[in-house]
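> So here's final29.cif, just mmCIF, C-alpha atoms and all ligand atoms:
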```
data_target
loop_
_atom_site.group_PDB
_atom_site.id
_atom_site.type_symbol
_atom_site.label_atom_id
_atom_site.label_comp_id
_atom_site.auth_asym_id
_atom_site.auth_seq_id
_atom_site.Cartn_x
_atom_site.Cartn_y
_atom_site.Cartn_z
ATOM 1 C CA MET Z 2 0.000 0.000 0.000
ATOM 2 C CA THR Z 3 1.039 3.604 -0.519
ATOM 3 C CA VAL Z 4 2.428 5.019 2.704
ATOM 4 C CA ALA Z 5 4.327 8.135 1.629
ATOM 5 C CA ARG Z 6 5.352 10.237 -1.345
ATOM 6 C CA VAL Z 7 8.818 10.630 -2.808
ATOM 7 C CA GLY Z 8 10.357 13.804 -1.396
ATOM 8 C CA GLU Z 9 8.423 13.614 1.831
ATOM 9 C CA ILE Z 10 11.199 11.993 3.869
ATOM 10 C CA PRO Z 11 14.667 13.560 3.674
ATOM 11 C CA VAL Z 12 17.742 11.340 3.349
ATOM 12 C CA GLY Z 13 18.617 10.202 6.862
ATOM 13 C CA GLY Z 14 15.006 10.659 7.910
ATOM 14 C CA VAL Z 15 12.233 8.309 8.922
ATOM 15 C CA LYS Z 16 8.450 8.274 8.894
ATOM 16 C CA VAL Z 17 6.255 5.991 10.970
ATOM 17 C CA VAL Z 18 3.513 4.512 8.826
ATOM 18 C CA ARG Z 19 0.866 1.900 9.575
ATOM 19 C CA LEU Z 20 0.432 -1.402 7.838
ATOM 20 C CA GLU Z 21 -2.918 -2.663 9.045
ATOM 21 C CA ASP Z 22 -2.426 -2.017 12.743
ATOM 22 C CA GLN Z 23 1.308 -2.426 12.806
ATOM 23 C CA PRO Z 24 3.549 0.645 13.134
ATOM 24 C CA VAL Z 25 6.334 0.444 10.579
ATOM 25 C CA ALA Z 26 9.396 2.691 10.378
ATOM 26 C CA LEU Z 27 10.145 3.794 6.816
ATOM 27 C CA PHE Z 28 13.753 4.983 6.589
ATOM 28 C CA HIS Z 29 15.248 6.959 3.723
ATOM 29 C CA LEU Z 30 18.903 6.015 3.334
ATOM 30 C CA GLU Z 31 21.214 7.354 0.654
ATOM 31 C CA ASP Z 32 20.571 4.307 -1.506
ATOM 32 C CA GLY Z 33 16.829 4.061 -1.062
ATOM 33 C CA TYR Z 34 13.959 3.376 1.283
ATOM 34 C CA TYR Z 35 13.798 0.597 3.866
ATOM 35 C CA ALA Z 36 10.939 -0.487 6.091
ATOM 36 C CA MET Z 37 10.979 -2.417 9.352
ATOM 37 C CA ASP Z 38 8.616 -2.883 12.283
ATOM 38 C CA ASP Z 39 8.770 0.160 14.547
ATOM 39 C CA LEU Z 40 9.184 -2.176 17.453
ATOM 40 C CA CYS Z 41 12.443 -3.224 19.041
ATOM 41 C CA THR Z 42 12.610 -6.977 19.592
ATOM 42 C CA HIS Z 43 14.201 -6.437 23.004
ATOM 43 C CA ASP Z 44 11.341 -4.688 24.785
ATOM 44 C CA GLY Z 45 9.193 -2.929 22.208
ATOM 45 C CA GLY Z 46 11.130 0.327 21.942
ATOM 46 C CA PRO Z 47 10.053 2.723 19.162
ATOM 47 C CA LEU Z 48 12.938 2.322 16.717
ATOM 48 C CA ALA Z 49 12.010 5.357 14.605
ATOM 49 C CA GLU Z 50 12.784 7.525 17.633
ATOM 50 C CA GLY Z 51 16.282 6.101 17.854
ATOM 51 C CA THR Z 52 19.508 7.378 16.370
ATOM 52 C CA LEU Z 53 20.227 6.544 12.735
ATOM 53 C CA GLU Z 54 23.867 6.351 11.641
ATOM 54 C CA GLY Z 55 24.301 5.239 8.082
ATOM 55 C CA ALA Z 56 22.199 2.086 7.855
ATOM 56 C CA VAL Z 57 22.255 1.374 11.593
ATOM 57 C CA ILE Z 58 19.447 2.317 13.948
ATOM 58 C CA GLU Z 59 20.023 2.404 17.683
ATOM 59 C CA CYS Z 60 17.020 1.752 19.892
ATOM 60 C CA PRO Z 61 16.210 4.746 22.120
ATOM 61 C CA ARG Z 62 15.422 2.523 25.103
ATOM 62 C CA HIS Z 63 18.467 0.386 25.839
ATOM 63 C CA GLY Z 64 20.699 0.918 22.849
ATOM 64 C CA ALA Z 65 20.268 -2.268 20.816
ATOM 65 C CA ARG Z 66 21.424 -1.736 17.230
ATOM 66 C CA PHE Z 67 19.918 -3.103 14.033
ATOM 67 C CA ASP Z 68 20.758 -3.045 10.348
ATOM 68 C CA VAL Z 69 17.910 -1.070 8.776
ATOM 69 C CA ARG Z 70 18.351 -2.916 5.465
ATOM 70 C CA SER Z 71 18.024 -6.454 6.837
ATOM 71 C CA GLY Z 72 16.652 -6.094 10.360
ATOM 72 C CA ALA Z 73 19.683 -8.017 11.658
ATOM 73 C CA VAL Z 74 20.861 -7.439 15.215
ATOM 74 C CA LEU Z 75 24.191 -5.603 15.421
ATOM 75 C CA GLY Z 76 24.269 -4.888 19.131
ATOM 76 C CA LEU Z 77 22.798 -6.204 22.383
ATOM 77 C CA PRO Z 78 20.580 -6.300 24.364
ATOM 78 C CA ALA Z 79 18.298 -7.412 21.503
ATOM 79 C CA THR Z 80 18.958 -10.882 20.133
ATOM 80 C CA ALA Z 81 16.177 -11.335 17.550
ATOM 81 C CA PRO Z 82 16.047 -9.548 14.197
ATOM 82 C CA VAL Z 83 13.350 -6.995 13.413
ATOM 83 C CA PRO Z 84 10.955 -8.001 10.599
ATOM 84 C CA THR Z 85 11.469 -5.929 7.459
ATOM 85 C CA TYR Z 86 9.263 -5.198 4.450
ATOM 86 C CA GLN Z 87 9.940 -4.724 0.788
ATOM 87 C CA VAL Z 88 9.590 -1.187 -0.478
ATOM 88 C CA ARG Z 89 8.916 -0.083 -4.029
ATOM 89 C CA ILE Z 90 8.457 3.239 -5.763
ATOM 90 C CA GLU Z 91 5.578 3.659 -8.194
ATOM 91 C CA GLY Z 92 5.676 7.098 -9.778
ATOM 92 C CA ASP Z 93 5.957 9.372 -6.767
ATOM 93 C CA GLU Z 94 4.357 6.894 -4.379
ATOM 94 C CA ILE Z 95 6.310 4.842 -1.860
ATOM 95 C CA GLN Z 96 4.641 1.487 -1.322
ATOM 96 C CA VAL Z 97 5.263 -1.036 1.439
ATOM 97 C CA GLY Z 98 3.892 -4.468 2.133
ATOM 98 C CA TRP Z 99 1.914 -5.267 -0.992
ATOM 99 C CA ALA Z 100 0.659 -8.803 -1.448
HETATM 100 S S1 LIG H 201 13.659 -1.940 23.900
HETATM 101 FE FE1 LIG H 201 15.172 -1.661 22.389
HETATM 102 S S2 LIG H 201 17.027 -2.104 23.406
HETATM 103 FE FE2 LIG H 201 15.510 -2.459 24.903
#
```
What is this structure when it is put down as structure tokens?


Amino acid sequence: MTVARVGEIPVGGVKVVRLEDQPVALFHLEDGYYAMDDLCTHDGGPLAEGTLEGAVIECPRHGARFDVRSGAVLGLPATAPVPTYQVRIEGDEIQVGWA
């Protein structure tokens, strides 16, 4: 579904969108857009409110780090990856989580 428009999120920025009832963080990195659950797998921290450095997001609660592109854990205390979603651009629409 369409969740944002191209140009809406600056490079290095993030927008929280909703897929059904799930909050999803849509990041704009230099090489494109990436989407992951806005929910840290350690204790539910809001990842979009964390610090983004390159492609690494640090959870604002206890500092777990994840690769925004893959959802992989890069730093404790989280141990489970964050689910990610494919993103595609159609015209000026950014779409996430189509069937
Ligand atoms: S909730 Fe994210 S590190 Fe604890």

> Please, which residues in segment 62-94 of chain Z fall within 8 Å of segment 31-51 of chain Z when counting all atoms listed in the file, and what is the closest atom pair and distance in Å to one decimal for each, ordered by chain then residue number, as a Markdown table?


```
| residue | atom | partner | partner_atom | distance |
| --- | --- | --- | --- | --- |
| Z:Arg62 | CA | Z:Gly46 | CA | 5.8 |
| Z:Ala65 | CA | Z:His43 | CA | 7.7 |
| Z:Val69 | CA | Z:Tyr35 | CA | 6.6 |
| Z:Arg70 | CA | Z:Tyr35 | CA | 6.0 |
| Z:Gly72 | CA | Z:Met37 | CA | 6.8 |
| Z:Pro78 | CA | Z:His43 | CA | 6.5 |
| Z:Ala79 | CA | Z:His43 | CA | 4.5 |
| Z:Thr80 | CA | Z:His43 | CA | 7.1 |
| Z:Ala81 | CA | Z:Thr42 | CA | 6.0 |
| Z:Pro82 | CA | Z:Thr42 | CA | 6.9 |
| Z:Val83 | CA | Z:Thr42 | CA | 6.2 |
| Z:Pro84 | CA | Z:Met37 | CA | 5.7 |
| Z:Thr85 | CA | Z:Met37 | CA | 4.0 |
| Z:Tyr86 | CA | Z:Ala36 | CA | 5.3 |
| Z:Gln87 | CA | Z:Ala36 | CA | 6.9 |
| Z:Val88 | CA | Z:Tyr35 | CA | 6.3 |
```

> When the PyMOL selection byres (((chain Z and resi 54) around 12) and not hetatm) is applied to the structure above, which residues does it catch, written out as a ChimeraX atom specification?

/Z:12-14,28-31,51-53,55-60,66-69

> Between atom CA of Gly76 of chain Z and atom CA of Arg19 of chain Z, measure the distance and give it in Å to one decimal.

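Taking atom CA of Gly76 of chain Z and atom CA of Arg19 of chain Z, their separation equals 26.2 Å.
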
> Give, as JSON, the centre coordinates and the x, y and z edge lengths in Å to one decimal for an axis-aligned box around all listed atoms of ligand LIG 201 (chain H), padded by 8 Å on each side.


```
{"center_x": 15.3, "center_y": -2.1, "center_z": 23.6, "size_x": 19.4, "size_y": 16.8, "size_z": 18.5}
```

> Rounded to one decimal in Å, what is the spacing between atom CA of Glu91 of chain Z and atom CA of Val15 of chain Z?

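Between these atoms lies a distance of 18.9 Å.
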
> My list of candidates is Z:Lys16, Z:His63, Z:Arg89, Z:Arg6. Which is closest to ligand LIG 201 (chain H) when distances are computed with all atoms listed in the file?

Z:His63

> Just how far from atom CA of Val18 of chain Z is atom CA of Glu94 of chain Z, in Å to one decimal?

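Those two atoms sit 13.4 Å apart.
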
> Near Leu20 of chain Z, within 9 Å and counting all atoms listed in the file, which residues show up once chain neighbours fewer than 6 positions away are dropped, as a PyMOL selection string?

chain Z and resi 2+4+97-98

> With distances taken over only C-alpha atoms and all ligand atoms, which of Z:Ala5, Z:Val17, Z:Leu75, Z:Leu27 is nearest to ligand LIG 201 (chain H)?

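Closest to ligand LIG 201 (chain H) of all the choices is Z:Leu75.
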